[in-house]
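What follows is the content of target.csv (CSV, C-alpha atoms).
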```
chain,number,residue,atom,x,y,z
Y,1,MET,CA,-0.8,-16.6,-43.8
Y,2,LYS,CA,1.6,-18.9,-42.0
Y,3,GLY,CA,1.2,-19.7,-38.4
Y,4,SER,CA,4.7,-18.4,-37.6
Y,5,GLU,CA,3.8,-15.1,-39.2
Y,6,VAL,CA,0.7,-14.8,-37.0
Y,7,ILE,CA,2.7,-15.5,-33.9
Y,8,LEU,CA,5.3,-12.9,-34.8
Y,9,GLU,CA,2.7,-10.3,-35.5
Y,10,LEU,CA,1.0,-11.0,-32.2
Y,11,LYS,CA,4.2,-10.7,-30.3
Y,12,GLN,CA,4.9,-7.3,-31.9
Y,13,LYS,CA,1.3,-6.2,-31.2
Y,14,PHE,CA,1.4,-7.2,-27.5
Y,15,GLY,CA,5.0,-6.0,-27.1
Y,16,VAL,CA,6.3,-9.4,-25.9
Y,17,THR,CA,9.3,-11.4,-27.1
Y,18,THR,CA,8.8,-14.9,-25.6
Y,19,ASP,CA,6.3,-17.7,-26.3
Y,20,LYS,CA,5.4,-17.9,-22.6
Y,21,ALA,CA,4.5,-14.2,-22.4
Y,22,LEU,CA,2.4,-14.4,-25.5
Y,23,GLY,CA,0.7,-17.6,-24.3
Y,24,ASP,CA,-0.2,-15.8,-21.1
Y,25,MET,CA,-1.8,-13.0,-23.1
Y,26,LEU,CA,-3.7,-15.4,-25.4
Y,27,GLY,CA,-4.6,-18.1,-22.8
Y,28,LEU,CA,-2.5,-20.7,-24.7
Y,29,SER,CA,0.1,-23.2,-23.6
Y,30,ILE,CA,3.6,-23.1,-24.9
Y,31,PRO,CA,3.1,-26.4,-26.9
Y,32,THR,CA,0.0,-24.8,-28.5
Y,33,ILE,CA,2.1,-21.8,-29.5
Y,34,HIS,CA,4.7,-24.1,-31.0
Y,35,ASN,CA,1.9,-25.9,-33.0
Y,36,TRP,CA,0.8,-22.6,-34.4
Y,37,LYS,CA,4.3,-21.9,-35.6
Y,38,LYS,CA,4.4,-25.1,-37.6
Y,39,ARG,CA,1.2,-24.4,-39.5
Y,40,PRO,CA,1.9,-23.7,-43.2
Y,41,LYS,CA,-1.4,-21.9,-43.5
Y,42,CYS,CA,-4.0,-20.6,-41.0
Y,43,THR,CA,-7.8,-20.9,-41.7
Y,44,LEU,CA,-10.3,-18.2,-40.8
Y,45,ARG,CA,-11.8,-20.6,-38.2
Y,46,GLN,CA,-8.4,-20.9,-36.5
Y,47,ILE,CA,-7.9,-17.2,-36.5
Y,48,ALA,CA,-11.4,-16.7,-35.0
Y,49,ASP,CA,-10.6,-19.4,-32.3
Y,50,LEU,CA,-7.4,-17.5,-31.5
Y,51,VAL,CA,-9.2,-14.2,-31.1
Y,52,HIS,CA,-11.9,-15.9,-28.9
Y,53,SER,CA,-9.1,-17.4,-26.7
Y,54,ALA,CA,-7.4,-14.0,-26.3
Y,55,SER,CA,-10.7,-12.4,-25.3
Y,56,LYS,CA,-11.3,-15.0,-22.6
Y,57,ALA,CA,-7.7,-14.7,-21.4
Y,58,GLY,CA,-8.1,-10.9,-21.2
Y,59,ALA,CA,-11.3,-11.2,-19.2
Y,60,LYS,CA,-9.7,-13.6,-16.8
Y,61,ASN,CA,-6.6,-11.4,-16.4
Y,62,MET,CA,-8.9,-8.4,-15.6
Y,63,ARG,CA,-10.7,-10.5,-12.9
Y,64,ASP,CA,-7.5,-11.7,-11.4
Y,65,ASN,CA,-5.6,-8.4,-11.4
Y,66,ALA,CA,-8.2,-5.5,-11.4
Y,67,VAL,CA,-8.1,-5.0,-7.6
Y,68,ARG,CA,-5.5,-6.5,-5.2
Y,69,PRO,CA,-5.5,-5.8,-1.5
Y,70,LEU,CA,-2.1,-4.7,-0.3
Y,71,VAL,CA,-2.9,-4.0,3.3
Y,72,GLU,CA,-6.2,-3.5,5.2
Y,73,PHE,CA,-6.9,-1.7,8.5
Y,74,PHE,CA,-3.2,-1.1,9.2
Y,75,HIS,CA,-2.6,1.2,12.2
Y,76,VAL,CA,-1.5,4.8,11.4
Y,77,TYR,CA,1.3,5.8,13.6
Y,78,ALA,CA,1.6,9.4,12.3
Y,79,ASP,CA,5.3,9.6,12.9
Y,80,GLU,CA,6.7,13.1,12.5
Y,81,SER,CA,9.3,13.1,9.7
Y,82,ARG,CA,13.0,13.3,10.6
Y,83,ARG,CA,13.2,16.9,9.4
Y,84,GLY,CA,9.9,17.9,11.0
Y,85,ALA,CA,8.3,18.7,7.6
Y,86,GLY,CA,5.1,16.7,8.3
Y,87,TYR,CA,3.8,13.3,9.4
Y,88,SER,CA,4.2,9.9,7.7
Y,89,LEU,CA,2.0,6.8,7.9
Y,90,PHE,CA,4.7,5.0,9.9
Y,91,GLU,CA,8.4,4.8,10.2
Y,92,SER,CA,10.1,1.6,9.1
Y,93,ARG,CA,13.2,2.2,11.2
Y,94,ASP,CA,13.5,1.9,15.0
Y,95,GLU,CA,15.2,4.3,17.3
Y,96,ASN,CA,18.5,2.7,16.4
Y,97,GLY,CA,18.0,3.2,12.7
Y,98,VAL,CA,17.4,-0.5,12.1
Y,99,HIS,CA,14.6,-1.4,9.6
Y,100,HIS,CA,11.7,-3.5,10.7
Y,101,PRO,CA,11.3,-6.1,8.0
Y,102,HIS,CA,7.5,-6.1,7.9
Y,103,LEU,CA,7.2,-2.3,7.9
Y,104,LEU,CA,10.0,-1.9,5.3
Y,105,GLY,CA,8.3,-4.5,3.0
Y,106,LEU,CA,5.0,-2.7,3.3
Y,107,LYS,CA,6.5,0.6,2.6
Y,108,GLU,CA,8.3,-0.7,-0.5
Y,109,GLU,CA,5.1,-2.3,-1.7
Y,110,LEU,CA,3.1,0.9,-1.3
Y,111,ASP,CA,5.9,2.9,-2.9
Y,112,SER,CA,5.8,0.7,-6.0
Y,113,LYS,CA,2.1,0.5,-6.6
Y,114,ASN,CA,-0.8,2.6,-7.8
Y,115,GLY,CA,-4.4,2.3,-6.7
Y,116,VAL,CA,-6.9,3.5,-4.1
Y,117,TYR,CA,-6.9,3.9,-0.4
Y,118,LEU,CA,-9.1,4.6,2.6
Y,119,PHE,CA,-8.4,6.1,6.0
Y,120,PHE,CA,-10.5,5.1,9.1
Y,121,ASP,CA,-11.1,6.6,12.5
Y,122,SER,CA,-10.6,4.7,15.8
Y,123,ARG,CA,-14.1,3.0,15.4
Y,124,GLY,CA,-13.2,1.7,11.9
Y,125,GLN,CA,-15.5,4.1,10.1
Y,126,ALA,CA,-14.2,5.5,6.7
Y,127,ILE,CA,-13.2,9.2,6.9
Y,128,TYR,CA,-11.2,9.7,3.8
Y,129,ALA,CA,-10.9,8.0,0.4
Y,130,GLY,CA,-8.5,8.8,-2.4
Y,131,LYS,CA,-6.5,7.5,-5.4
Y,132,ALA,CA,-2.9,7.3,-6.3
Y,133,LYS,CA,-2.7,7.3,-10.1
Y,134,GLU,CA,0.2,9.5,-11.1
Y,135,GLN,CA,2.4,8.8,-8.1
Y,136,SER,CA,2.7,5.8,-5.7
Y,137,LEU,CA,0.3,5.0,-3.0
Y,138,TRP,CA,3.0,5.7,-0.4
Y,139,LYS,CA,3.6,9.2,-1.7
Y,140,GLU,CA,0.0,10.1,-2.2
Y,141,MET,CA,-1.2,8.7,1.1
Y,142,ASN,CA,1.4,10.7,3.0
Y,143,ASN,CA,0.5,13.8,1.0
Y,144,ALA,CA,-3.2,13.3,2.0
Y,145,LEU,CA,-2.2,12.8,5.6
Y,146,ASN,CA,-0.6,16.3,5.7
Y,147,ARG,CA,-2.7,18.1,3.1
Y,148,LYS,CA,-4.5,21.3,4.4
Y,149,ARG,CA,-8.2,21.1,3.5
Y,150,ASP,CA,-9.5,23.7,6.0
Y,151,ASP,CA,-12.6,24.3,3.9
Y,152,VAL,CA,-14.0,20.8,4.1
Y,153,GLN,CA,-11.8,18.8,6.5
Y,154,ARG,CA,-13.5,20.0,9.7
Y,155,ILE,CA,-15.0,18.5,12.8
Y,156,LYS,CA,-16.7,19.8,16.0
Y,157,ARG,CA,-14.0,20.6,18.5
Y,158,VAL,CA,-12.7,23.2,21.0
Y,159,GLN,CA,-9.5,25.2,20.3
Y,160,HIS,CA,-7.7,25.1,23.7
Y,161,PRO,CA,-4.8,27.5,24.4
Y,162,GLU,CA,-1.3,26.0,23.9
Y,163,ARG,CA,0.8,28.7,25.5
Y,164,ARG,CA,1.5,28.8,29.2
Y,165,GLN,CA,-1.4,30.6,30.9
Y,166,ALA,CA,-3.8,30.2,33.8
Y,167,TYR,CA,-6.8,28.0,33.4
Y,168,ARG,CA,-10.1,29.6,32.5
Y,169,SER,CA,-13.5,28.0,32.0
Y,170,SER,CA,-14.7,27.1,28.5
Y,171,GLU,CA,-17.6,29.6,28.7
Y,172,GLU,CA,-15.8,32.3,26.7
Y,173,GLN,CA,-16.5,32.5,23.0
Y,174,SER,CA,-13.1,31.5,21.8
Y,175,ARG,CA,-13.4,28.1,23.5
Y,176,GLN,CA,-16.9,27.1,22.4
Y,177,ILE,CA,-17.5,23.9,20.5
Y,178,LYS,CA,-17.6,24.8,16.8
Y,179,ASP,CA,-16.3,23.6,13.4
Y,180,GLN,CA,-12.5,23.5,13.4
Y,181,PRO,CA,-10.1,22.4,10.7
Y,182,VAL,CA,-8.5,19.1,11.5
Y,183,PRO,CA,-5.4,17.5,9.9
Y,184,LEU,CA,-6.0,13.9,8.7
Y,185,TRP,CA,-3.0,12.7,10.7
Y,186,ASP,CA,-4.7,13.9,13.9
Y,187,ILE,CA,-7.8,11.6,13.5
Y,188,ALA,CA,-6.8,8.8,11.1
Y,189,THR,CA,-6.3,5.6,13.1
Y,190,TYR,CA,-6.2,2.9,10.3
Y,191,PHE,CA,-5.7,2.7,6.6
Y,192,SER,CA,-6.3,0.2,3.8
Y,193,ALA,CA,-4.7,0.3,0.4
Y,194,TYR,CA,-5.5,-1.6,-2.8
Y,195,GLU,CA,-3.5,-2.0,-6.1
Y,196,VAL,CA,-5.9,-1.2,-9.0
Y,197,THR,CA,-5.2,-1.4,-12.7
Y,198,LYS,CA,-4.7,2.1,-13.9
Y,199,GLU,CA,-7.6,2.1,-16.3
Y,200,MET,CA,-10.0,1.4,-13.3
Y,201,ILE,CA,-8.5,3.7,-10.6
Y,202,ASN,CA,-10.9,6.6,-11.3
Y,203,ASP,CA,-14.0,4.4,-11.2
Y,204,VAL,CA,-13.0,2.5,-8.1
Y,205,GLU,CA,-12.2,5.8,-6.3
Y,206,ALA,CA,-15.6,7.1,-7.4
Y,207,LEU,CA,-17.3,4.0,-6.0
Y,208,LEU,CA,-15.6,4.4,-2.6
Y,209,VAL,CA,-16.4,8.1,-2.3
Y,210,ARG,CA,-20.0,7.5,-3.3
Y,211,SER,CA,-20.4,4.5,-1.0
Y,212,PHE,CA,-19.1,6.5,2.0
Y,213,ALA,CA,-20.5,9.9,1.0
Y,214,ASN,CA,-22.0,10.7,4.4
Y,215,ASN,CA,-18.9,9.6,6.4
Y,216,LEU,CA,-16.0,11.2,4.5
Y,217,LEU,CA,-14.2,14.4,5.4
Y,218,ASN,CA,-13.2,14.9,1.7
Y,219,LYS,CA,-16.6,16.2,0.4
Y,220,ARG,CA,-15.8,16.2,-3.3
Y,221,MET,CA,-18.3,13.8,-5.0
Y,222,GLU,CA,-16.2,11.9,-7.5
Y,223,ARG,CA,-18.0,10.8,-10.7
Y,224,PHE,CA,-17.6,7.8,-12.8
Y,225,THR,CA,-15.5,8.3,-15.9
Y,226,SER,CA,-17.1,9.7,-19.1
Y,227,HIS,CA,-17.3,6.4,-20.9
Y,228,ARG,CA,-20.2,5.4,-18.6
Y,229,LYS,CA,-23.5,6.8,-19.9
```
Please, can you express the file's structure as structure tokens?
Amino acid sequence: MKGSEVILELKQKFGVTTDKALGDMLGLSIPTIHNWKKRPKCTLRQIADLVHSASKAGAKNMRDNAVRPLVEFFHVYADESRRGAGYSLFESRDENGVHHPHLLGLKEELDSKNGVYLFFDSRGQAIYAGKAKEQSLWKEMNNALNRKRDDVQRIKRVQHPERRQAYRSSEEQSRQIKDQPVPLWDIATYFSAYEVTKEMINDVEALLVRSFANNLLNKRMERFTSHRK
């Protein structure tokens, strides 16, 4: 087989069209790709070397891109949405409707990436871990912030009256300290978010949940994917 035929087949297999893109996939320089194209015939040893180079490049690409921090311990402002439908992580516009460049950039980054995230309380302790695989981190994190999980998302607190009425002591049964449902937006103070390659999102989330199992409000114990025996 000619070297040019090998290069053409590899481009089709990897779904790329340029020598640079293929070189990045295989761990080869552009001059090396050009030398391959000039070969009238490829030996088995040369093909084996090419496969070995591609394997090393794939491992390096996985190391470099498997997990990428987007933001860590960023303050949750829990701004109520403009229509009052719920709370968001933060609002990128000020009271005059002007975007803050840093907040807008962070929002766009979170809205374009998939991965995993953590919410922390005011002491910096993890209280919620989740993943964003089918939708963006921004959408999933805001959903989690407003999601009702009354069965598991509970803390010890007192339900105080909200209507106008005279003060009464907390001795009555209705104002005793007991388990009460709590929305995440009410207690989350910071969040961290990480872009994760889609094939690893489930396992990274499982690692987070299992690592903070005694701290998290979301009690579901995530398992590693089925390929791990």
Next on the checklist: Residues near Lys11 (chain Y), anyone? I mean within 12 Å using all atoms listed in the file, not counting same-chain ones fewer than 3 positions away, as a VMD selection string.
Outcome noted: chain Y and resid 4 to 8 14 to 26 33
Next on the checklist: Would you compute the distance between CA of Lys133 (chain Y) and CA of Ala206 (chain Y)? Give it in Å to one decimal.
Outcome noted: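 Computed distance, CA of Lys133 (chain Y) to CA of Ala206 (chain Y), equals 13.2 Å.
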Checklist entry - Between Y:Gly124, Y:Gly115, Y:Pro69, Y:Pro181, which one has atoms that come closest to Met200 (chain Y), using all atoms listed in the file? => result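 The answer is Y:Gly115, which sits nearest to Met200 (chain Y).
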Checklist entry - With only C-alpha atoms as the basis for distance, which of Y:Lys178, Y:Arg39, Y:Arg164, Y:Lys113 is at the shortest distance from Trp138 (chain Y)? => result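 Between Y:Lys178, Y:Arg39, Y:Arg164, Y:Lys113, the residue approaching Trp138 (chain Y) most closely is Y:Lys113.
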Item to check | Atomic separation - CA of Gly3 (chain Y) relative to CA of Asp49 (chain Y), Å | outcome: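 Those two atoms sit 13.3 Å apart.
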Next on the checklist: Residues near Ala78 (chain Y), anyone? I mean within 8 Å using all atoms listed in the file, not counting same-chain ones fewer than 6 positions away, as a ChimeraX atom specification.
Outcome noted: /Y:87-90,185-186
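Here the question is which of Y:Leu208, Y:Val196, Y:Val152, Y:Ile30 gets nearest to Met62 (chain Y) using only C-alpha atoms, and that residue is Y:Val196.
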Checklist entry - With only C-alpha atoms as the basis for distance, which of Y:Gly97, Y:Gly105, Y:Pro161, Y:Gly130 is at the shortest distance from Arg175 (chain Y)? => result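 Closest to Arg175 (chain Y) of all the choices is Y:Pro161.
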Checklist entry - Skipping near chain neighbours, those fewer than 2 positions away, what residues fall within 12 Å of Ala126 (chain Y) using only C-alpha atoms, listed as a VMD selection string? => result chain Y and resid 73 117 to 124 128 to 130 184 187 to 192 208 to 218
Next on the checklist: Could you check the closest approach to Glu205 (chain Y) for each of Y:Gln125, Y:Asn114, Y:Gln135, Y:Gln176 and tell me which residue wins, using all atoms listed in the file?
Outcome noted: Y:Asn114
Item to check | Shell around Pro183 (chain Y) at 12 Å using only C-alpha atoms, local window under 6 positions removed, as number ranges by chain | outcome: Y: 78, 86-87, 127-128, 142-155, 217-218
Item to check | Using all atoms listed in the file: which of Y:Ala66, Y:Val51, Y:Leu104, Y:Met1 has the shortest distance to Glu199 (chain Y) | outcome: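 Smallest distance to Glu199 (chain Y) is found for Y:Ala66.
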Next on the checklist: What's the separation between CA of Gly27 (chain Y) and CA of Val116 (chain Y), in Å to one decimal place?
Outcome noted: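 Interatomic distance, CA of Gly27 (chain Y) to CA of Val116 (chain Y): 28.7 Å.
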